[in-house]
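Participant: Have a look at this one before I ask anything.
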Amino acid sequence: MYFLLFFTLACLSTCYCRTENDEKAESMCGLLRQSLTSTSVSVEIDKKGFHRDVVTTVEFSPDGPSDLQALVVHKWPRGIYVDPYQLASLSEHTDWQVLLDSAIDLEVPAHKTVGLVAFVFPALHGRIPRLLKVTVPVHGRYHEPSFDGKKFTSIDLDPPELLLRTGKCQLSYLDPHTIVDAPCTADNSSICQWARIQHKQGQASFQLPVGDGLLVIPVCSATLLVTLVCCVALAKTVWKHQLFTH
């Protein structure tokens with residue numbers, strides 16, 4: 001009899017704990033779901049020339065979960081690159097870290113390279129700011145010369161993806177939001193599931209100058225002519241110097 005009583009109490013206690021945990025998880029999922037619908041992300045480009053700043057602004061929901069984690073995913077086109085050494089230096093003085101999906105050759109021209117993906121991890125430090133701004137410096141690559149008279153080429157940047165997660169909510173409960181796999185942290189030691197924010201911002205773009213391919217022959221011809229003239233003048237000077245010496 002005592003065994004049956006003990007067994008009944010144990011079952012009731014287990015059911016109560018599971019119910020309480022499920023209620024807490026559902027509460028955290030509700031907060032995360034609210035963050036997914038009310039959080040917005042925008043991007044703008046600052047500075048001019050080959051060296052630009054891509055400024056990403058995230059406006060969080062004020063009622064998000066306390067352990068909310070955010071990840072900004074930039075998919076850069078092949079016309080630009082980020083300097084990993086510059087990013088490493090900036091990470092020492094900012095509240096974000098960057099993980100790149102591949103090694104970067106800083107000297108390769110645009111037509112000989114491919115795009116890259118940058119995972120930006122802002123540190124929220126247990127608090128959710130109302131506004132979060134992340135500034136990533138990017139640099140334009142040299143492009144092939146144009147033979148149709150164009151002096152500039154357009155670099156189109158897709159808006160970054162904003163991913164959110166919390167350790168207290170199973171993301172499978174967040175349907176219809178898209179769940180994607182991405183690195184958990186900037187050290188890329190493990191993969192986690194993230195919920196992706198749906199946004200409707202269009203592309204941001206800027207112009208980079210390109211060379212005029214129609215000037216290749218005139219420039220090469222003029223360069224060769226100047227080189228020949230300088231060589232003749234130098235040879236004449238050396239010859240006269242030798243005559244005066246002897």
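Residues are named by chain letter and number: chains run A, B, ... in the order of the structure tokens, numbers start at 1 in each chain, and ligands are numbered from 1 in the order shown.
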So which residues touch range 107-124 of chain A within 8 Å, counting only C-alpha atoms, skipping near sequence neighbours fewer than 2 positions away, as a ChimeraX atom specification?

Facilitator: /A:68-81,95-102,105,126-129,134,141-144,185-186

Participant: Just the residues within 12 Å of Lys48 in chain A, please, counting only C-alpha atoms, with nothing from its chain fewer than 6 positions along; format it as a list in words.

Facilitator: Val54, Pro137, Val138, His139, Gly140, Ser205, Phe206, Gln207, Leu208 and Pro209 of chain A

Participant: Run DSSP on the backbone and grab whatever in range 12-166 of chain A lands in strand (DSSP E); send it over as a PyMOL selection string.

Facilitator: chain A and resi 40-46+51-59+69-76+80-81+96-100+116-122+131-140+152-157+161-165

Participant: How many Å lie between CA of Arg130 in chain A and CA of Phe60 in chain A, rounded to one decimal?

Facilitator: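 Separation between CA of Arg130 in chain A and CA of Phe60 in chain A: 5.3 Å.
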
Participant: What is the distance between CA of Asp67 in chain A and CA of Cys29 in chain A, in Å to one decimal?

Facilitator: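 CA of Cys29 in chain A lies at a distance of 11.7 Å from CA of Asp67 in chain A.
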
Participant: Would you work out the distance separating CA of Lys133 in chain A from CA of Leu157 in chain A, expressed in Å to one decimal?

Facilitator: 17.5 Å
